[in-house]
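Below is one structure; the comments refer to it alone.
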Amino acid sequence: MKPLAEVGVKVILTKQPGEEISLERRAEIANIDRANLFLSIHHDSAQPVYLNQTTFNNLPAYKTKQPIAGFSIFISTKNPQFKKSEEFAELLGAELLKLGRKPTLHHAEKIAGENRLLLNPTLGIYQFDDLIVLKKTSVPAVLLEVGVIVDEADEKYVSDKDNQQHIVHAIVNAIQSFNRTE
């Protein structure tokens with residue numbers, strides 16, 4: 001797999017590891033640089049109702065009571081490029097499915113902190129209008145929760161270097177497909 005730069009994609013990082021930068025500033029960077037796509041990549045968690053408290057290295061930690069594994073993709077109708085955001089989200093979800101990953105559906109549960117509108121259960125696409133990095137960008141914007149870090153098996157999956165390469169490859173494929181439609 002070639003890095004994005006080698007396939008003609010200019011990458012602009014809005015945050016370096018360990019750097020503190022506001023969510024508004026991240027969106028502003030994408031807008032100022034006139035990016036054609038904003039992708040925010042994260043590890044997911046779960047609401048307390050799904051978690052048991054434990055310890056890790058003598059510090060409080062949490063793990064899921066039952067398996068919650070997979071990816072979630074969020075888009076916002078408050079983004080002026082909502083339809084293009086949705087188009088990229090569909091491409092991304094399809095590429096992640098090719099890896100054998102399944103979407104998590106817990107964000108649609110009718111509980112406090114969740115209750116998100118599930119736009120596409122097959123591809124794990126949710127509407128989350130008030131995510132700052134999605135609604136403040138003027139370009140198509142998607143937030144990807146690549147795995148559930150409080151699920152022991154899923155954390156192992158996303159921590160595996162080979163799996164990380166497969167995930168990166170899926171993201172690159174989705175970006176290349178999206179750029180061909182532009």
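Every chain in the structure tokens takes a letter, A first, then B, and so on in the order presented; its residues are numbered from 1, and the ligands are numbered from 1 following the presented order.
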
>> Excluding stretch 153-166 of chain A and its own-chain neighbours fewer than 5 positions away, which residues fall within 10 Å of it when counting only C-alpha atoms? Please give them as a VMD selection string.
In response: chain A and resid 1 43 to 44 67 to 71 95 to 96 98 to 99 146 to 148 171 to 172

> When DSSP works through the backbone of this structure, what residues of stretch 20-137 of chain A end up as alpha helix (DSSP H), shown as a PyMOL selection string?
Replying inline: chain A and resi 23-32+82-98+132-135

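Counting only C-alpha atoms and comparing A:Ala46, A:Leu51, A:Leu118, A:Leu37, the residue that lies closest to A:Glu145 is A:Ala46.
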
>> So that I can see what lies close to stretch 8-12 of chain A, please list as a list in words the residues with an atom at most 9 Å from it, counting only C-alpha atoms and leaving out residues fewer than 3 positions away in the same chain.
In response: Pro3, Leu4, Ala5, Ile29, Ala30, Asp33, Ala35, Ile175, Gln176 and Asn179 of chain A

Sort by chain and increasing residue number a table of all residues of stretch 22-65 of chain A within 12 Å of stretch 106-112 of chain A, each with its closest pair of atoms and their distance in Å to one decimal, counting only C-alpha atoms, and write it as CSV.
```
residue,atom,partner,partner_atom,distance
A:Asp44,CA,A:His107,CA,10.3
A:Ser45,CA,A:His107,CA,10.1
A:Ala46,CA,A:His106,CA,7.9
A:Gln47,CA,A:Ala112,CA,8.1
A:Pro48,CA,A:Ala112,CA,9.8
A:Val49,CA,A:Ile111,CA,8.7
A:Tyr50,CA,A:His106,CA,9.3
A:Thr64,CA,A:His106,CA,11.9
```

> Could you work out how far atom CA of A:Gly113 lies from atom CA of A:Leu59, giving the answer in Å with one decimal?
Replying inline: 24.5 Å

> Contacts of A:Leu92 at 9 Å or less, counting only C-alpha atoms, minus same-chain residues fewer than 6 places along, as an MDAnalysis selection string?
Replying inline: chainID A and resid 73 123 144 170:171 173:175

Residue selection dump (N, CA, C and O atoms) as a compact mmCIF listing (two decimals), in the first residue's frame:
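And here is the file that came out, result09.txt:
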```
# COMPACT_ATOMS: atom_id res chain seq x y z
N ILE A 73 -19.21 5.39 12.08
CA ILE A 73 -18.92 6.54 11.22
C ILE A 73 -19.99 7.59 11.48
O ILE A 73 -21.19 7.29 11.49
N LEU A 123 -23.54 -0.09 7.09
CA LEU A 123 -22.24 0.58 7.00
C LEU A 123 -21.87 1.32 8.28
O LEU A 123 -20.82 1.96 8.33
N LEU A 144 -14.51 8.95 12.10
CA LEU A 144 -14.43 7.49 12.14
C LEU A 144 -13.97 7.04 13.51
O LEU A 144 -12.91 7.44 13.98
N ALA A 170 -7.74 0.45 3.83
CA ALA A 170 -9.17 0.67 3.59
C ALA A 170 -9.47 2.17 3.52
O ALA A 170 -10.24 2.62 2.65
N ILE A 171 -8.88 2.95 4.42
CA ILE A 171 -9.09 4.40 4.41
C ILE A 171 -8.55 5.01 3.12
O ILE A 171 -9.21 5.83 2.48
N ASN A 173 -8.13 3.52 0.22
CA ASN A 173 -9.01 3.13 -0.88
C ASN A 173 -10.27 4.00 -0.94
O ASN A 173 -10.70 4.41 -2.02
N ALA A 174 -10.85 4.27 0.23
CA ALA A 174 -12.06 5.09 0.27
C ALA A 174 -11.75 6.51 -0.19
O ALA A 174 -12.54 7.10 -0.95
N ILE A 175 -10.62 7.06 0.24
CA ILE A 175 -10.24 8.42 -0.18
C ILE A 175 -10.00 8.46 -1.69
O ILE A 175 -10.47 9.39 -2.37
```

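For the set A:Val7, A:Ile125, A:Leu117, A:Ile167, the residue with the smallest atom-to-atom gap to A:Thr104 is A:Ile125, counting only C-alpha atoms.
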
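If only C-alpha atoms are the atoms counted, then among A:Pro80, A:Leu105, A:Thr122, A:Thr14 the closest residue to A:Leu39 is A:Thr14.
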
> Any idea what the distance is between atom CA of A:Asn31 and atom CA of A:Lys83?
Replying inline: 17.5 Å

>> Could you list, as a PyMOL selection string, every residue within 9 Å of stretch 129-141 of chain A, counting only C-alpha atoms and ignoring same-chain residues fewer than 2 positions away?
In response: chain A and resi 23-31+34-40+74-89+127+143

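Of note, atom CA of A:Lys63 and atom CA of A:Gly124 are spaced 21.7 Å apart.
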